[in-house]
>>> print(open('upload-v9.csv').read())   # CSV, C-alpha atoms
chain,number,residue,atom,x,y,z
H,1,MET,CA,117.6,97.8,88.9
H,2,VAL,CA,117.0,99.5,92.2
H,3,PHE,CA,114.3,98.3,94.6
H,4,ILE,CA,112.5,100.4,97.2
H,5,HIS,CA,111.0,98.2,100.0
H,6,LEU,CA,108.5,99.1,102.6
H,7,HIS,CA,108.3,96.3,105.2
H,8,ASN,CA,105.7,95.3,107.8
H,9,LEU,CA,103.4,98.3,107.3
H,10,ARG,CA,100.6,98.0,109.9
H,11,PHE,CA,97.1,99.2,109.4
H,12,PHE,CA,93.7,98.8,111.1
H,13,SER,CA,91.0,98.6,108.4
H,14,PHE,CA,87.5,97.3,107.7
H,15,HIS,CA,88.1,95.0,104.8
H,16,GLY,CA,86.3,91.7,104.3
H,17,VAL,CA,83.3,90.0,102.8
H,18,HIS,CA,81.8,89.1,106.2
H,19,GLU,CA,79.5,91.6,108.0
H,20,GLU,CA,81.5,91.4,111.2
H,21,GLU,CA,84.7,92.4,109.5
H,22,LYS,CA,83.0,95.5,108.2
H,23,ILE,CA,82.0,96.4,111.7
H,24,LEU,CA,84.8,95.2,113.9
H,25,GLY,CA,87.8,95.8,111.6
H,26,ASN,CA,91.1,93.9,111.6
H,27,ASP,CA,94.8,94.4,111.7
H,28,TYR,CA,96.7,94.2,108.4
H,29,GLU,CA,100.3,94.0,107.4
H,30,ALA,CA,101.5,95.2,104.0
H,31,ASN,CA,104.8,94.7,102.3
H,32,ILE,CA,105.7,96.7,99.1
H,33,SER,CA,108.6,96.4,96.7
H,34,VAL,CA,109.0,98.7,93.8
H,35,GLY,CA,111.8,98.3,91.2
H,36,PHE,CA,113.0,100.8,88.7
H,37,GLU,CA,116.0,101.5,86.4
H,38,PRO,CA,117.9,104.5,87.7
H,39,SER,CA,118.7,107.3,85.3
H,40,THR,CA,122.1,107.7,86.8
H,41,ASN,CA,125.0,105.4,87.7
H,42,ILE,CA,124.9,106.5,91.4
H,43,ILE,CA,121.8,107.9,93.0
H,44,ARG,CA,122.6,111.0,95.1
H,45,HIS,CA,119.3,112.9,95.2
H,46,LEU,CA,115.7,112.1,96.1
H,47,ASP,CA,114.6,113.2,92.6
H,48,GLU,CA,116.7,110.4,91.1
H,49,THR,CA,114.9,107.7,93.1
H,50,LEU,CA,111.4,106.8,94.4
H,51,ASP,CA,110.2,108.6,97.5
H,52,TYR,CA,109.2,105.8,99.9
H,53,THR,CA,107.2,108.4,102.0
H,54,ALA,CA,105.0,109.1,99.0
H,55,ILE,CA,104.6,105.4,98.3
H,56,PHE,CA,103.6,104.9,102.0
H,57,GLN,CA,100.9,107.6,101.6
H,58,LEU,CA,99.5,105.8,98.5
H,59,VAL,CA,99.3,102.6,100.5
H,60,LYS,CA,97.8,104.2,103.5
H,61,GLN,CA,95.1,106.0,101.5
H,62,ARG,CA,94.1,102.8,99.8
H,63,MET,CA,94.1,100.8,103.0
H,64,ASP,CA,91.7,103.3,104.5
H,65,ILE,CA,89.0,102.4,101.9
H,66,PRO,CA,86.9,99.4,103.1
H,67,THR,CA,87.0,96.7,100.4
H,68,PRO,CA,85.7,93.1,100.3
H,69,LEU,CA,88.8,91.5,98.7
H,70,LEU,CA,92.4,91.9,99.5
H,71,GLU,CA,93.2,91.0,95.9
H,72,THR,CA,91.4,94.2,94.8
H,73,ILE,CA,93.4,96.3,97.3
H,74,ALA,CA,96.8,94.8,96.2
H,75,MET,CA,96.1,95.4,92.6
H,76,GLU,CA,94.9,98.9,93.1
H,77,ILE,CA,97.9,99.8,95.2
H,78,SER,CA,100.1,98.6,92.3
H,79,ALA,CA,98.0,100.7,89.8
H,80,ALA,CA,98.4,103.8,92.0
H,81,ILE,CA,102.2,103.3,92.2
H,82,GLN,CA,102.4,102.8,88.4
H,83,SER,CA,100.3,106.0,87.8
H,84,LYS,CA,102.6,108.1,90.0
H,85,TYR,CA,105.9,106.7,88.9
H,86,THR,CA,106.2,105.9,85.2
H,87,SER,CA,109.8,104.7,85.6
H,88,VAL,CA,108.7,101.8,87.7
H,89,THR,CA,109.2,98.4,86.0
H,90,LYS,CA,108.3,96.0,88.8
H,91,ILE,CA,105.9,96.1,91.8
H,92,SER,CA,105.2,93.5,94.4
H,93,VAL,CA,102.4,94.0,97.0
H,94,SER,CA,101.5,91.5,99.7
H,95,ILE,CA,98.8,92.1,102.3
H,96,LYS,CA,98.1,89.9,105.3
H,97,LYS,CA,94.9,89.9,107.5
H,98,LEU,CA,96.4,89.2,110.9
H,99,HIS,CA,93.3,88.0,112.7
H,100,PRO,CA,91.0,86.4,110.2
H,101,PRO,CA,87.5,85.5,111.5
H,102,ILE,CA,87.9,81.7,111.1
H,103,ASN,CA,87.0,79.5,114.1
H,104,ASN,CA,90.0,77.7,115.7
H,105,PHE,CA,92.4,79.3,113.2
H,106,LYS,CA,95.8,80.5,114.4
H,107,GLY,CA,97.8,82.5,111.9
H,108,ALA,CA,97.3,85.0,109.2
H,109,VAL,CA,95.8,84.9,105.7
H,110,GLY,CA,97.0,87.0,102.8
H,111,VAL,CA,97.4,87.8,99.1
H,112,SER,CA,100.3,88.8,96.9
H,113,PHE,CA,100.3,90.6,93.6
H,114,GLU,CA,103.2,91.1,91.2
H,115,TRP,CA,103.4,93.4,88.2
H,116,ASN,CA,106.2,93.6,85.6
H,117,LYS,CA,106.4,96.1,82.8
>>> encode(input="upload-v9.csv", output="structure tokens")
Amino acid sequence: MVFIHLHNLRFFSFHGVHEEEKILGNDYEANISVGFEPSTNIIRHLDETLDYTAIFQLVKQRMDIPTPLLETIAMEISAAIQSKYTSVTKISVSIKKLHPPINNFKGAVGVSFEWNK
């Protein structure tokens, strides 16, 4: 199995259940791993693998749509990747909200979603 990884993707988006999050926005970090069984012993051409540029565009498009729950976003990113690449057998999506609106909180919050065919 081959895995394509997109690490530490940064976005500014307006996700959240609190009204202030929908107005002020927040910084987010996404990590995506996509696994597939190659159709050849050695991958030599882009059409034999997954295009991480296209995967990034799927993630970016979804991150641009304000949504209350990070769980929804992670699951919909996975569904979009599955729809575009039928050869995919494993997807892992994690999303962190880097500055959650929690009093006296230092750190990030996030969700992870894994899908296996």
>>> closest_residue(input="upload-v9.csv", among="H:Ala30, H:Ile42, H:Ile23, H:Val93", to="Ile77 (chain H)", atoms="only C-alpha atoms")
H:Val93
>>> atom_distance(input="upload-v9.csv", atom1="CA of Lys90 (chain H)", atom2="CA of Phe3 (chain H)")
8.7 Å
>>> closest_residue(input="upload-v9.csv", among="H:Val88, H:Ala79, H:Ala54, H:Ile4", to="Phe36 (chain H)", atoms="only C-alpha atoms")
H:Val88
>>> atom_distance(input="upload-v9.csv", atom1="CA of Asn31 (chain H)", atom2="CA of Ser92 (chain H)")
8.0 Å
>>> closest_residue(input="upload-v9.csv", among="H:Ile55, H:Tyr85, H:Asn104, H:Lys97", to="Arg10 (chain H)", atoms="only C-alpha atoms")
H:Lys97
>>> atom_distance(input="upload-v9.csv", atom1="CA of Leu70 (chain H)", atom2="CA of Thr49 (chain H)")
28.2 Å
>>> closest_residue(input="upload-v9.csv", among="H:Ser83, H:Asn26, H:Ser33, H:Ser78", to="Arg62 (chain H)", atoms="only C-alpha atoms")
H:Ser78
>>> closest_residue(input="upload-v9.csv", among="H:Leu50, H:Leu98, H:Ala108, H:Ile65", to="Thr86 (chain H)", atoms="only C-alpha atoms")
H:Leu50
>>> residues_near_point(input="upload-v9.csv", point="(93.7, 86.2, 108.4)", cutoff="8 Å", atoms="only C-alpha atoms", output="list in words")
Lys96, Lys97, Leu98, His99, Pro100, Pro101, Ile102, Gly107, Ala108, Val109 and Gly110 of chain H
>>> closest_residue(input="upload-v9.csv", among="H:Ser112, H:Met63, H:Leu46, H:Val34", to="Phe11 (chain H)", atoms="all atoms listed in the file")
H:Met63
>>> closest_atom_pairs(input="upload-v9.csv", of="region 55-84 of chain H", to="region 14-18 of chain H", cutoff="7 Å", atoms="all atoms listed in the file", output="tab-separated table")
residue	atom	partner	partner_atom	distance
H:Pro66	CA	H:His15	CA	4.9
H:Thr67	CA	H:His15	CA	4.8
H:Pro68	CA	H:Gly16	CA	4.3
H:Leu69	CA	H:Gly16	CA	6.1
>>> residues_around(input="upload-v9.csv", residues="Val2 (chain H)", least_positions_apart="4", cutoff="7 Å", atoms="all atoms listed in the file", output="ChimeraX atom specification")
/H:35-38
>>> write_last_selection(input="upload-v9.csv", atoms="C-alpha atoms", output="PDB file, keeping the file's coordinate frame")
ATOM      1  CA  GLY H  35     111.800  98.300  91.200  1.00  0.00           C
ATOM      2  CA  PHE H  36     113.000 100.800  88.700  1.00  0.00           C
ATOM      3  CA  GLU H  37     116.000 101.500  86.400  1.00  0.00           C
ATOM      4  CA  PRO H  38     117.900 104.500  87.700  1.00  0.00           C
TER       5      PRO H  38
END
>>> build_atoms(input="upload-v9.csv", residues="region 53-71 of chain H", atoms="N, CA and C atoms", output="PDB file, in the frame of the given file")
ATOM      1  N   THR H  53     108.268 107.729 101.231  1.00  0.00           N
ATOM      2  CA  THR H  53     107.200 108.400 102.000  1.00  0.00           C
ATOM      3  C   THR H  53     105.972 108.581 101.156  1.00  0.00           C
ATOM      4  N   ALA H  54     106.132 108.952  99.894  1.00  0.00           N
ATOM      5  CA  ALA H  54     105.000 109.100  99.000  1.00  0.00           C
ATOM      6  C   ALA H  54     104.338 107.759  98.692  1.00  0.00           C
ATOM      7  N   ILE H  55     105.153 106.719  98.549  1.00  0.00           N
ATOM      8  CA  ILE H  55     104.600 105.400  98.300  1.00  0.00           C
ATOM      9  C   ILE H  55     103.796 104.945  99.549  1.00  0.00           C
ATOM     10  N   PHE H  56     104.324 105.198 100.743  1.00  0.00           N
ATOM     11  CA  PHE H  56     103.600 104.900 102.000  1.00  0.00           C
ATOM     12  C   PHE H  56     102.235 105.584 101.983  1.00  0.00           C
ATOM     13  N   GLN H  57     102.198 106.845 101.602  1.00  0.00           N
ATOM     14  CA  GLN H  57     100.900 107.600 101.600  1.00  0.00           C
ATOM     15  C   GLN H  57      99.930 106.980 100.635  1.00  0.00           C
ATOM     16  N   LEU H  58     100.389 106.524  99.473  1.00  0.00           N
ATOM     17  CA  LEU H  58      99.500 105.800  98.500  1.00  0.00           C
ATOM     18  C   LEU H  58      98.905 104.580  99.154  1.00  0.00           C
ATOM     19  N   VAL H  59      99.758 103.805  99.825  1.00  0.00           N
ATOM     20  CA  VAL H  59      99.300 102.600 100.500  1.00  0.00           C
ATOM     21  C   VAL H  59      98.319 102.890 101.585  1.00  0.00           C
ATOM     22  N   LYS H  60      98.661 103.850 102.421  1.00  0.00           N
ATOM     23  CA  LYS H  60      97.800 104.200 103.500  1.00  0.00           C
ATOM     24  C   LYS H  60      96.425 104.697 103.059  1.00  0.00           C
ATOM     25  N   GLN H  61      96.414 105.553 102.040  1.00  0.00           N
ATOM     26  CA  GLN H  61      95.100 106.000 101.500  1.00  0.00           C
ATOM     27  C   GLN H  61      94.268 104.883 101.015  1.00  0.00           C
ATOM     28  N   ARG H  62      94.892 103.909 100.346  1.00  0.00           N
ATOM     29  CA  ARG H  62      94.100 102.800  99.800  1.00  0.00           C
ATOM     30  C   ARG H  62      93.655 101.853 100.931  1.00  0.00           C
ATOM     31  N   MET H  63      94.485 101.653 101.931  1.00  0.00           N
ATOM     32  CA  MET H  63      94.100 100.800 103.000  1.00  0.00           C
ATOM     33  C   MET H  63      92.963 101.365 103.865  1.00  0.00           C
ATOM     34  N   ASP H  64      92.759 102.662 103.787  1.00  0.00           N
ATOM     35  CA  ASP H  64      91.700 103.300 104.500  1.00  0.00           C
ATOM     36  C   ASP H  64      90.303 103.150 103.860  1.00  0.00           C
ATOM     37  N   ILE H  65      90.257 102.595 102.655  1.00  0.00           N
ATOM     38  CA  ILE H  65      89.000 102.400 101.900  1.00  0.00           C
ATOM     39  C   ILE H  65      88.512 100.981 102.117  1.00  0.00           C
ATOM     40  N   PRO H  66      87.417 100.767 102.883  1.00  0.00           N
ATOM     41  CA  PRO H  66      86.900  99.400 103.100  1.00  0.00           C
ATOM     42  C   PRO H  66      86.612  98.708 101.747  1.00  0.00           C
ATOM     43  N   THR H  67      87.090  97.480 101.620  1.00  0.00           N
ATOM     44  CA  THR H  67      87.000  96.700 100.400  1.00  0.00           C
ATOM     45  C   THR H  67      86.783  95.249 100.721  1.00  0.00           C
ATOM     46  N   PRO H  68      85.895  94.542 100.023  1.00  0.00           N
ATOM     47  CA  PRO H  68      85.700  93.100 100.300  1.00  0.00           C
ATOM     48  C   PRO H  68      86.915  92.242 100.162  1.00  0.00           C
ATOM     49  N   LEU H  69      87.679  92.435  99.077  1.00  0.00           N
ATOM     50  CA  LEU H  69      88.800  91.500  98.700  1.00  0.00           C
ATOM     51  C   LEU H  69      90.139  92.130  98.840  1.00  0.00           C
ATOM     52  N   LEU H  70      91.056  91.404  99.474  1.00  0.00           N
ATOM     53  CA  LEU H  70      92.400  91.900  99.500  1.00  0.00           C
ATOM     54  C   LEU H  70      93.091  91.916  98.167  1.00  0.00           C
ATOM     55  N   GLU H  71      92.663  91.031  97.272  1.00  0.00           N
ATOM     56  CA  GLU H  71      93.200  91.000  95.900  1.00  0.00           C
ATOM     57  C   GLU H  71      92.968  92.373  95.230  1.00  0.00           C
TER      58      GLU H  71
END
